[in-house]
$ cat upload_28.cif   # mmCIF, C-alpha atoms and all ligand atoms
data_data
#
loop_
_atom_site.label_atom_id
_atom_site.label_comp_id
_atom_site.auth_asym_id
_atom_site.auth_seq_id
_atom_site.Cartn_x
_atom_site.Cartn_y
_atom_site.Cartn_z
CA MET W 1 -12.65 9.60 25.98
CA ASN W 2 -15.07 7.44 24.10
CA TYR W 3 -13.09 4.58 22.66
CA PRO W 4 -14.81 1.24 21.94
CA VAL W 5 -14.12 -1.30 24.69
CA ILE W 6 -12.58 -4.72 24.06
CA GLN W 7 -12.84 -7.26 26.84
CA LEU W 8 -10.35 -10.08 27.25
CA HIS W 9 -11.02 -13.61 28.48
CA LYS W 10 -10.24 -14.31 32.12
CA GLY W 11 -6.50 -14.83 32.60
CA LYS W 12 -5.60 -13.35 29.21
CA GLU W 13 -4.57 -10.05 30.81
CA VAL W 14 -1.32 -11.58 32.12
CA ALA W 15 0.91 -10.53 29.19
CA LEU W 16 -0.41 -6.95 29.31
CA LYS W 17 0.23 -6.86 33.07
CA ARG W 18 3.84 -7.68 32.28
CA LEU W 19 3.74 -4.74 29.81
CA HIS W 20 4.05 -6.92 26.73
CA PRO W 21 2.42 -4.75 24.04
CA TRP W 22 0.54 -7.38 22.00
CA VAL W 23 -2.76 -9.21 22.43
CA PHE W 24 -3.53 -12.19 20.21
CA SER W 25 -7.00 -12.57 18.73
CA GLY W 26 -7.76 -15.70 20.80
CA ALA W 27 -7.56 -13.62 23.99
CA ILE W 28 -10.52 -11.46 23.02
CA LYS W 29 -13.85 -12.26 24.66
CA ILE W 30 -16.00 -9.39 23.46
CA LEU W 31 -15.30 -7.50 20.26
CA PRO W 32 -17.59 -4.49 19.69
CA GLN W 33 -19.63 -4.47 16.49
CA ASN W 34 -18.48 -2.27 13.60
CA ILE W 35 -14.90 -2.22 14.73
CA ASN W 36 -12.43 -1.48 11.94
CA ASP W 37 -8.78 -2.03 11.35
CA GLY W 38 -6.76 0.69 12.98
CA ASP W 39 -9.45 1.84 15.43
CA ILE W 40 -8.21 3.01 18.81
CA VAL W 41 -9.79 0.94 21.60
CA LYS W 42 -9.83 0.57 25.36
CA VAL W 43 -8.82 -2.90 26.56
CA VAL W 44 -10.29 -4.26 29.79
CA ASP W 45 -9.97 -7.54 31.70
CA ALA W 46 -12.80 -9.99 32.40
CA ASN W 47 -13.83 -7.82 35.39
CA ASN W 48 -13.85 -4.63 33.32
CA ASN W 49 -10.66 -3.27 34.86
CA PHE W 50 -8.70 -1.00 32.57
CA LEU W 51 -5.62 -2.59 30.98
CA ALA W 52 -4.49 -0.48 28.03
CA ILE W 53 -5.25 1.81 25.14
CA ALA W 54 -4.44 -0.03 21.93
CA TYR W 55 -5.24 -0.14 18.24
CA TYR W 56 -7.08 -2.96 16.62
CA ALA W 57 -6.13 -5.09 13.61
CA THR W 58 -7.72 -8.13 12.02
CA GLY W 59 -5.25 -11.00 12.10
CA SER W 60 -3.46 -12.94 14.75
CA ILE W 61 -2.01 -9.93 16.62
CA ALA W 62 -5.33 -8.21 17.22
CA LEU W 63 -4.24 -5.44 19.57
CA ARG W 64 -1.09 -3.40 19.85
CA VAL W 65 -0.77 -1.23 22.92
CA LEU W 66 -0.10 2.49 22.68
CA SER W 67 -0.52 3.28 26.38
CA PHE W 68 -0.79 1.39 29.63
CA THR W 69 -2.47 4.41 31.22
CA GLU W 70 -5.89 5.69 30.28
CA GLN W 71 -5.40 8.66 27.99
CA GLU W 72 -6.49 10.12 24.70
CA ILE W 73 -4.38 9.47 21.61
CA ASN W 74 -3.88 12.99 20.26
CA VAL W 75 -1.05 15.31 19.23
CA ASP W 76 0.04 15.74 22.86
CA PHE W 77 0.19 11.98 23.34
CA TRP W 78 2.48 11.64 20.31
CA LYS W 79 4.52 14.62 21.35
CA ASN W 80 5.24 12.96 24.69
CA LYS W 81 6.15 9.66 23.04
CA LEU W 82 8.48 11.33 20.55
CA LYS W 83 9.98 13.56 23.22
CA LYS W 84 10.89 10.54 25.31
CA ALA W 85 12.50 8.86 22.29
CA TRP W 86 14.36 12.05 21.33
CA GLU W 87 15.59 12.74 24.90
CA TYR W 88 16.83 9.16 25.23
CA ARG W 89 18.93 9.53 22.08
CA LYS W 90 20.11 12.96 23.18
CA HIS W 91 21.15 11.50 26.51
CA LEU W 92 23.26 8.89 24.72
CA GLN W 93 24.65 11.55 22.35
CA ILE W 94 23.76 9.48 19.32
CA MET W 95 23.54 12.66 17.27
CA ASN W 96 26.86 14.45 17.67
CA SER W 97 29.47 16.36 15.70
CA LYS W 98 30.36 13.18 13.75
CA THR W 99 26.90 11.65 13.21
CA ASN W 100 23.60 13.17 12.06
CA VAL W 101 21.77 10.02 11.00
CA PHE W 102 19.98 7.73 13.46
CA ARG W 103 16.76 5.89 14.18
CA LEU W 104 14.56 8.31 16.04
CA PHE W 105 11.77 5.85 16.86
CA PHE W 106 11.97 2.08 16.99
CA GLY W 107 8.51 0.51 17.36
CA GLU W 108 7.89 -1.36 20.60
CA GLY W 109 11.35 -0.42 21.89
CA ASP W 110 10.14 3.19 22.06
CA GLY W 111 6.60 2.34 23.10
CA ALA W 112 4.55 2.31 19.89
CA SER W 113 4.32 -0.93 17.99
CA GLY W 114 4.53 -0.52 14.23
CA LEU W 115 6.15 2.93 14.07
CA ILE W 116 9.62 3.46 12.62
CA ILE W 117 11.12 6.93 12.15
CA ASP W 118 14.60 7.42 10.78
CA TYR W 119 16.31 10.81 10.95
CA TYR W 120 18.59 11.93 8.13
CA ASP W 121 20.05 15.27 9.14
CA GLY W 122 16.61 16.83 9.57
CA HIS W 123 14.73 14.69 7.06
CA ALA W 124 12.46 12.26 8.89
CA VAL W 125 11.32 9.11 7.11
CA PHE W 126 8.30 7.23 8.51
CA GLN W 127 7.61 3.57 7.91
CA CYS W 128 4.35 2.36 9.42
CA HIS W 129 4.16 -1.41 9.80
CA SER W 130 0.47 -1.49 10.64
CA TYR W 131 -2.61 0.36 9.48
CA GLY W 132 -3.41 1.61 12.99
CA ILE W 133 -0.16 3.57 13.10
CA TYR W 134 -0.62 4.69 9.49
CA LEU W 135 -3.93 6.32 10.48
CA GLN W 136 -2.01 8.26 13.15
CA ARG W 137 0.71 9.48 10.78
CA LYS W 138 -0.56 13.06 10.41
CA LEU W 139 -0.84 13.48 14.18
CA ILE W 140 2.64 12.02 14.57
CA ALA W 141 4.02 14.39 11.93
CA ALA W 142 2.37 17.39 13.63
CA ALA W 143 3.81 16.29 16.97
CA LEU W 144 7.29 15.87 15.49
CA ILE W 145 7.20 19.36 13.98
CA GLU W 146 6.01 20.85 17.28
CA LEU W 147 8.73 19.03 19.17
CA LEU W 148 11.70 19.62 16.90
CA ASN W 149 10.57 22.63 14.83
CA ASP W 150 13.68 23.96 13.08
CA LYS W 151 15.43 20.58 13.32
CA ILE W 152 12.88 19.12 10.90
CA LYS W 153 13.38 19.89 7.21
CA SER W 154 10.97 17.34 5.77
CA ILE W 155 8.84 14.34 6.73
CA TYR W 156 8.39 11.58 4.16
CA ASP W 157 5.94 8.75 4.72
CA LYS W 158 7.22 5.59 3.07
CA SER W 159 4.74 3.07 4.44
CA ASN W 160 3.56 1.65 1.13
CA GLU W 161 6.03 -1.23 1.28
CA THR W 162 5.77 -1.96 5.01
CA LEU W 163 1.99 -2.01 5.48
CA PRO W 164 0.06 -5.27 5.26
CA LYS W 165 -0.78 -5.96 1.60
CA GLN W 166 -4.50 -5.23 1.87
CA PHE W 167 -3.76 -1.57 2.76
CA ALA W 168 -0.71 -0.92 0.64
CA ASP W 169 -2.66 0.06 -2.51
CA LYS W 170 -4.53 2.92 -0.92
CA CYS W 171 -1.48 4.28 0.89
CA LYS W 172 0.86 6.12 -1.44
CA ASN W 173 4.26 7.28 -0.29
CA GLU W 174 4.29 11.06 0.14
CA PHE W 175 5.80 14.02 1.93
CA LEU W 176 3.77 14.93 5.01
CA PHE W 177 5.84 18.07 5.46
CA GLY W 178 8.38 19.96 3.35
CA SER W 179 10.25 18.25 0.53
CA ILE W 180 13.75 17.79 -0.79
CA THR W 181 15.30 19.93 -3.46
CA ASP W 182 18.77 18.47 -3.46
CA LYS W 183 20.64 15.30 -2.56
CA VAL W 184 20.44 14.35 1.10
CA ILE W 185 23.96 13.77 2.35
CA VAL W 186 24.44 12.58 5.92
CA LYS W 187 27.37 11.95 8.18
CA GLU W 188 27.95 8.75 10.12
CA ASN W 189 31.08 8.69 12.28
CA ASN W 190 32.45 11.33 9.89
CA HIS W 191 31.83 9.18 6.81
CA PHE W 192 29.50 10.71 4.23
CA PHE W 193 26.55 8.96 2.64
CA ASN W 194 24.19 10.02 -0.09
CA ILE W 195 20.70 8.92 1.01
CA ASP W 196 17.99 8.27 -1.56
CA PHE W 197 15.13 7.60 0.83
CA ILE W 198 12.50 7.87 -1.90
CA ASN W 199 13.89 5.15 -4.20
CA GLY W 200 16.25 3.30 -1.85
CA GLN W 201 15.61 0.18 0.20
CA LYS W 202 13.82 0.45 3.58
CA THR W 203 14.09 4.09 4.70
CA GLY W 204 17.19 4.61 2.55
CA PHE W 205 20.03 3.38 4.75
CA PHE W 206 20.83 0.54 7.15
CA ILE W 207 21.39 2.69 10.21
CA ASP W 208 21.49 -0.34 12.47
CA GLN W 209 25.03 -1.29 11.38
CA ARG W 210 26.69 1.99 12.51
CA GLU W 211 28.68 0.57 15.43
CA ASN W 212 29.54 -2.65 13.60
CA ARG W 213 30.94 -0.69 10.66
CA GLN W 214 33.18 1.23 13.04
CA LEU W 215 34.46 -2.03 14.52
CA LEU W 216 35.14 -3.44 11.05
CA GLN W 217 37.38 -0.49 10.24
CA ASP W 218 39.80 -1.52 13.01
CA TYR W 219 40.27 -4.94 11.42
CA CYS W 220 40.89 -3.78 7.86
CA LYS W 221 44.29 -2.10 8.09
CA ASN W 222 46.30 -3.08 4.99
CA LYS W 223 43.91 -5.95 4.26
CA MET W 224 42.04 -7.18 1.20
CA VAL W 225 38.37 -6.82 2.12
CA LEU W 226 35.23 -8.28 0.57
CA ASN W 227 31.89 -6.66 1.47
CA THR W 228 29.02 -8.77 0.18
CA PHE W 229 25.37 -7.60 0.13
CA CYS W 230 26.97 -4.15 0.36
CA TYR W 231 23.88 -2.06 -0.57
CA THR W 232 25.16 1.54 -0.81
CA GLY W 233 28.54 0.63 0.68
CA GLY W 234 28.06 1.27 4.40
CA PHE W 235 30.73 -1.22 5.44
CA SER W 236 32.84 -0.56 2.33
CA ILE W 237 33.39 3.13 3.05
CA TYR W 238 34.60 2.46 6.60
CA ALA W 239 36.79 -0.45 5.47
CA ALA W 240 38.33 1.43 2.54
CA LYS W 241 39.71 4.10 4.86
CA THR W 242 42.24 1.60 6.24
CA ALA W 243 42.25 -1.36 3.79
CA THR W 244 44.53 -2.02 0.84
CA GLU W 245 41.51 -2.70 -1.35
CA VAL W 246 37.79 -3.31 -0.90
CA HIS W 247 35.51 -5.28 -3.21
CA SER W 248 31.81 -4.44 -2.84
CA VAL W 249 29.14 -6.80 -4.15
CA ASP W 250 25.38 -6.29 -4.48
CA VAL W 251 22.83 -7.73 -6.88
CA SER W 252 21.11 -4.34 -7.18
CA ALA W 253 22.65 -2.10 -9.85
CA LYS W 254 20.97 0.93 -8.27
CA ALA W 255 22.63 0.15 -4.93
CA ILE W 256 26.03 -0.28 -6.59
CA LYS W 257 25.65 3.07 -8.33
CA LEU W 258 25.07 4.72 -4.95
CA CYS W 259 27.96 2.76 -3.47
CA ASP W 260 30.27 4.21 -6.13
CA GLU W 261 28.88 7.69 -5.49
CA ASN W 262 29.51 7.26 -1.77
CA ALA W 263 33.09 6.16 -2.44
CA GLU W 264 33.60 9.32 -4.48
CA LEU W 265 31.96 11.45 -1.81
CA ASN W 266 34.53 10.15 0.68
CA THR W 267 37.45 10.48 -1.80
CA ILE W 268 37.95 6.73 -1.74
CA THR W 269 39.82 5.22 -4.68
CA ASN W 270 40.52 1.69 -3.39
CA ASN W 271 36.96 0.34 -3.72
CA LYS W 272 35.80 -1.78 -6.67
CA SER W 273 32.09 -2.51 -6.99
CA PHE W 274 30.40 -5.49 -8.62
CA SER W 275 26.72 -5.61 -9.46
CA VAL W 276 26.21 -9.37 -9.24
CA ASP W 277 24.66 -12.10 -7.08
CA THR W 278 26.94 -12.88 -4.11
CA PHE W 279 26.79 -16.64 -4.66
CA GLU W 280 27.79 -16.16 -8.31
CA PHE W 281 30.59 -13.82 -7.32
CA LEU W 282 31.98 -16.30 -4.80
CA LYS W 283 31.96 -19.22 -7.25
CA ASN W 284 35.46 -20.50 -8.02
CA LYS W 285 37.07 -17.55 -6.27
CA GLU W 286 40.66 -17.97 -5.19
CA ASN W 287 41.71 -17.20 -1.62
CA LEU W 288 42.07 -13.48 -2.04
CA TYR W 289 40.43 -11.92 0.97
CA ASP W 290 41.68 -11.33 4.53
CA VAL W 291 38.39 -9.87 5.73
CA ILE W 292 34.90 -10.83 4.53
CA VAL W 293 31.59 -9.17 5.49
CA LEU W 294 28.35 -11.12 5.01
CA ASP W 295 25.27 -9.00 5.62
CA PRO W 296 22.47 -10.61 3.61
CA PRO W 297 18.81 -9.52 3.68
CA ALA W 298 16.60 -11.45 6.12
CA PHE W 299 16.56 -15.03 4.84
CA ALA W 300 13.54 -15.73 7.07
CA LYS W 301 10.62 -13.30 7.12
CA ASN W 302 8.52 -15.58 9.35
CA ARG W 303 8.58 -18.81 11.32
CA ASN W 304 7.67 -20.96 8.31
CA SER W 305 10.84 -20.03 6.48
CA LYS W 306 13.15 -20.50 9.48
CA HIS W 307 14.45 -23.88 8.40
CA ASN W 308 15.32 -22.74 4.89
CA ALA W 309 16.91 -19.60 6.30
CA VAL W 310 19.26 -21.66 8.47
CA ILE W 311 20.25 -23.72 5.43
CA GLY W 312 20.88 -20.45 3.54
CA TYR W 313 23.05 -18.96 6.31
CA LYS W 314 25.03 -22.18 6.61
CA ARG W 315 25.65 -22.38 2.87
CA LEU W 316 26.73 -18.75 2.56
CA ASN W 317 29.02 -18.89 5.59
CA THR W 318 30.58 -22.19 4.53
CA ILE W 319 31.51 -20.73 1.15
CA ALA W 320 33.02 -17.62 2.74
CA LEU W 321 34.89 -19.57 5.40
CA LYS W 322 36.38 -21.88 2.78
CA LEU W 323 37.88 -19.04 0.82
CA ILE W 324 38.98 -16.61 3.51
CA LYS W 325 42.78 -16.40 3.83
CA PRO W 326 44.51 -17.97 6.86
CA ASN W 327 44.31 -15.64 9.88
CA GLY W 328 41.34 -13.96 8.25
CA ILE W 329 38.41 -12.18 9.86
CA LEU W 330 34.77 -12.94 9.12
CA PHE W 331 32.00 -10.46 10.00
CA THR W 332 28.74 -12.35 9.57
CA PHE W 333 25.21 -11.07 10.24
CA SER W 334 21.60 -12.14 10.35
CA CYS W 335 18.70 -9.71 10.58
CA SER W 336 16.03 -12.44 10.59
CA GLY W 337 14.06 -11.98 13.81
CA VAL W 338 13.02 -15.65 13.96
CA VAL W 339 16.63 -16.89 13.86
CA ASP W 340 17.72 -16.17 17.42
CA LYS W 341 21.25 -15.63 18.76
CA ASN W 342 21.81 -19.27 19.70
CA LEU W 343 20.52 -20.65 16.45
CA PHE W 344 22.65 -18.21 14.47
CA TYR W 345 25.74 -19.07 16.51
CA ASN W 346 25.17 -22.82 16.06
CA THR W 347 24.67 -22.31 12.33
CA ILE W 348 27.96 -20.45 12.00
CA VAL W 349 29.76 -23.10 14.06
CA SER W 350 28.46 -25.84 11.80
CA ALA W 351 29.53 -23.82 8.74
CA ALA W 352 33.06 -23.62 10.20
CA ILE W 353 33.08 -27.38 10.75
CA GLU W 354 31.92 -28.00 7.21
CA ALA W 355 34.52 -25.59 5.82
CA LYS W 356 37.15 -27.39 7.95
CA ARG W 357 38.41 -24.14 9.46
CA ASN W 358 39.35 -23.56 13.10
CA VAL W 359 37.85 -20.36 14.36
CA LYS W 360 38.00 -18.15 17.42
CA LEU W 361 35.07 -16.07 18.51
CA LEU W 362 36.05 -12.39 18.67
CA HIS W 363 32.75 -10.52 19.11
CA TYR W 364 29.02 -11.00 19.40
CA LEU W 365 27.37 -8.00 17.77
CA SER W 366 23.87 -6.60 17.89
CA GLN W 367 21.90 -3.48 17.06
CA PRO W 368 22.87 -0.04 18.44
CA PRO W 369 20.96 1.79 21.22
CA ASP W 370 18.84 3.82 18.80
CA HIS W 371 17.18 0.44 18.08
CA PRO W 372 16.37 -0.18 21.77
CA VAL W 373 15.44 -3.58 23.14
CA THR W 374 13.36 -3.64 26.32
CA PRO W 375 12.83 -6.55 28.75
CA ASN W 376 9.07 -6.53 28.15
CA PHE W 377 9.63 -6.97 24.41
CA PRO W 378 12.63 -9.22 23.75
CA GLU W 379 11.28 -9.82 20.22
CA GLY W 380 12.72 -6.39 19.37
CA GLU W 381 16.21 -7.82 19.19
CA TYR W 382 16.65 -8.79 15.55
CA LEU W 383 20.20 -8.00 14.44
CA LYS W 384 22.87 -10.54 15.28
CA GLY W 385 26.48 -10.46 14.25
CA ILE W 386 29.44 -12.71 14.92
CA VAL W 387 33.07 -11.85 14.28
CA LEU W 388 35.41 -14.81 13.85
CA PHE W 389 39.14 -15.14 13.60
CA VAL W 390 39.71 -17.85 11.02
CA GLU W 391 42.97 -19.77 11.46
N1 LIG W 401 25.30 -4.16 4.49
C1 LIG W 401 24.39 -3.16 3.94
C2 LIG W 401 22.94 -3.58 4.04
C3 LIG W 401 22.61 -4.87 3.35
S1 LIG W 401 20.94 -5.02 2.92
C4 LIG W 401 24.65 -1.82 4.62
O1 LIG W 401 25.41 -1.76 5.60
O2 LIG W 401 24.08 -0.83 4.18
C5 LIG W 401 20.96 -6.40 1.89
C6 LIG W 401 21.44 -6.14 0.49
O3 LIG W 401 21.59 -7.40 -0.15
C7 LIG W 401 20.52 -5.34 -0.41
O4 LIG W 401 21.21 -4.22 -0.90
C8 LIG W 401 20.15 -6.27 -1.56
O5 LIG W 401 20.10 -5.62 -2.82
C9 LIG W 401 21.29 -7.25 -1.54
N2 LIG W 401 21.05 -8.59 -2.06
C10 LIG W 401 19.98 -9.38 -1.89
N3 LIG W 401 20.18 -10.61 -2.42
C11 LIG W 401 21.44 -10.58 -2.94
C12 LIG W 401 22.26 -11.54 -3.60
N4 LIG W 401 21.81 -12.77 -3.83
N5 LIG W 401 23.50 -11.19 -3.96
C13 LIG W 401 23.96 -9.93 -3.73
N6 LIG W 401 23.21 -8.99 -3.12
C14 LIG W 401 22.00 -9.30 -2.72
#

$ encode --input "upload_28.cif" --output "structure tokens"
Amino acid sequence: MNYPVIQLHKGKEVALKRLHPWVFSGAIKILPQNINDGDIVKVVDANNNFLAIAYYATGSIALRVLSFTEQEINVDFWKNKLKKAWEYRKHLQIMNSKTNVFRLFFGEGDGASGLIIDYYDGHAVFQCHSYGIYLQRKLIAAALIELLNDKIKSIYDKSNETLPKQFADKCKNEFLFGSITDKVIVKENNHFFNIDFINGQKTGFFIDQRENRQLLQDYCKNKMVLNTFCYTGGFSIYAAKTATEVHSVDVSAKAIKLCDENAELNTITNNKSFSVDTFEFLKNKENLYDVIVLDPPAFAKNRNSKHNAVIGYKRLNTIALKLIKPNGILFTFSCSGVVDKNLFYNTIVSAAIEAKRNVKLLHYLSQPPDHPVTPNFPEGEYLKGIVLFVE
């Protein structure tokens, strides 16, 4: 194994010793010459003791660990990583007779920073969030095929939109294996969804809301439901099964088209879709809804936009809380990593105060186990949800 060696300053090995998978650029003492973005390197402490195998990136997070033991990064390495992730999900029976869509690999939570793989009934969609992982994509694809063979119908790499800007241009989205000839229709808790992973947002579907959608269904019996930021109708389809009527709102006309298709696919006739901005839709609305879902895109993509994000969440939630019917239920979410649980909770509380509504806290929600959070990487917890009873 002949990887270039990167030495850290004395004391800067502490985070790695605690198995945190990142090293910031300021921790590096000796950087070999001619090192390039994405190169696999060996990381050692100030006394040359082995710490980790990682990949290098220019920027503030300079190293992302792939292994805390000294080993070569080859097909077998990836096969072991993927096997562990697959076995974990098998153990939890995430894929079962009712569900064939799940996140197969979740970055640091599964032990490889920057790698996302979603599984749509045999179609795997990769999103690489760093160039180092992107350079590994063919090895990862080969490992996945070896591991799952007949369970893999195609592998599509959709990293163009998730890679840092300077790499995006040279990295076109493409099939790494197989292709699709027909619509991809998946099953989530026995609800059917048409997945357009090539043109859709992210990898095609927001798999992380699976358990929260199921919970919503229980609250919708004979209710008027509003699902804002509905995308392709994940929450709407579940809600419509028990609700009197569901209104689905998304600014994207493409998403609304798929939402309507998904309603049809599930023989749902009590959903009405609106392709319009949520804030516009909510303007001057009468108190029509018993249940409201707010699942906006991340208002904060980084620390600098945290303050504005909080203002955005407060504004949105205040509007919804003002117009929800008495004894209503609010499902409200934030997927901004930098807005933590406490901050989100406090923001929702202050929205309730501003809306002059008394609320009771019914549930704290998060991401499901196929988006694992580990103690060494608490940053992996990004999805927060709060369910309120609104008096
Ligand atoms: N709840 C969805 C995922 C939401 S993703 C699900 O379960 O699948 C966020 C969605 O918000 C995207 O579809 C995006 O098109 C939409 N969006 C972004 N800004 C919006 C706005 N101002 N008004 C309405 N929709 C918006």

$ residues_around --input "upload_28.cif" --residues "Asn287 of chain W" --least-positions-apart "6" --cutoff "8 Å" --atoms "all atoms listed in the file" --output "PDB file with C-alpha atoms, in the coordinates of the input"
ATOM      1  CA  LEU W 323      37.880 -19.040   0.820  1.00  0.00           C
ATOM      2  CA  ILE W 324      38.980 -16.610   3.510  1.00  0.00           C
ATOM      3  CA  LYS W 325      42.780 -16.400   3.830  1.00  0.00           C
TER       4      LYS W 325
END

$ residues_near_ligand --input "upload_28.cif" --ligand "ligand LIG 401 (chain W)" --cutoff "7 Å" --atoms "only C-alpha atoms and all ligand atoms" --output "count of residues only"
23

$ atom_distance --input "upload_28.cif" --atom1 "atom CA of Leu148 of chain W" --atom2 "atom CA of Gly107 of chain W"
19.4 Å

$ axis_aligned_box --input "upload_28.cif" --around "segment 122-141 of chain W" --padding-each-side "3 Å" --output "JSON"
{"center_x": 6.3, "center_y": 7.7, "center_z": 10.8, "size_x": 26.5, "size_y": 24.3, "size_z": 13.5}

$ closest_residue --input "upload_28.cif" --among "W:Asp39, W:Asp150, W:Asp110, W:Asp196" --to "Lys83 of chain W" --atoms "all atoms listed in the file"
W:Asp110

$ residues_around --input "upload_28.cif" --residues "Asn48 of chain W" --least-positions-apart "5" --cutoff "12 Å" --atoms "all atoms listed in the file" --output "number ranges by chain"
W: 5-10, 13, 29-30, 42-43

$ atom_distance --input "upload_28.cif" --atom1 "atom CA of Gly114 of chain W" --atom2 "atom CA of Tyr56 of chain W"
12.1 Å

$ closest_residue --input "upload_28.cif" --among "W:Asn194, W:Ser236, W:Ala143, W:Thr374" --to "Gln214 of chain W" --atoms "only C-alpha atoms"
W:Ser236

$ residues_around --input "upload_28.cif" --residues "Ile133 of chain W" --least-positions-apart "3" --cutoff "7 Å" --atoms "all atoms listed in the file" --output "PyMOL selection string"
chain W and resi 114-115+128+130+136-137

$ residues_near_point --input "upload_28.cif" --point "(36.1, -4.5, -0.6)" --cutoff "7 Å" --atoms "only C-alpha atoms" --output "list in words"
Met224, Val225, Leu226, Asn227, Ser236, Glu245, Val246, His247, Ser248, Asn271 and Lys272 of chain W

$ residues_near_point --input "upload_28.cif" --point "(24.5, -15.0, 18.1)" --cutoff "12 Å" --atoms "all atoms listed in the file" --output "PyMOL selection string"
chain W and resi 331-337+339-349+361-367+381-388

$ atom_distance --input "upload_28.cif" --atom1 "atom CA of Ser159 of chain W" --atom2 "atom CA of His123 of chain W"
15.5 Å

$ closest_residue --input "upload_28.cif" --among "W:Lys223, W:Lys79, W:Lys301, W:His20" --to "Ile329 of chain W" --atoms "only C-alpha atoms"
W:Lys223

$ residues_around --input "upload_28.cif" --residues "Leu176 of chain W" --least-positions-apart "3" --cutoff "8 Å" --atoms "all atoms listed in the file" --output "list in words"
Lys138, Ala141, Ser154, Ile155, Tyr156 and Asp157 of chain W

$ residues_around --input "upload_28.cif" --residues "Lys170 of chain W" --least-positions-apart "6" --cutoff "12 Å" --atoms "all atoms listed in the file" --output "PyMOL selection string"
chain W and resi 131+134-135+159-161+163-164

$ closest_residue --input "upload_28.cif" --among "W:Asn270, W:Ser275, W:Gln93, W:Gln71" --to "Leu258 of chain W" --atoms "all atoms listed in the file"
W:Ser275

$ closest_residue --input "upload_28.cif" --among "W:Thr269, W:Ser350, W:Asn80, W:Asn304" --to "Asn317 of chain W" --atoms "all atoms listed in the file"
W:Ser350

$ closest_residue --input "upload_28.cif" --among "W:Thr99, W:Asn284, W:Asn74, W:Asn222" --to "Ala243 of chain W" --atoms "all atoms listed in the file"
W:Asn222
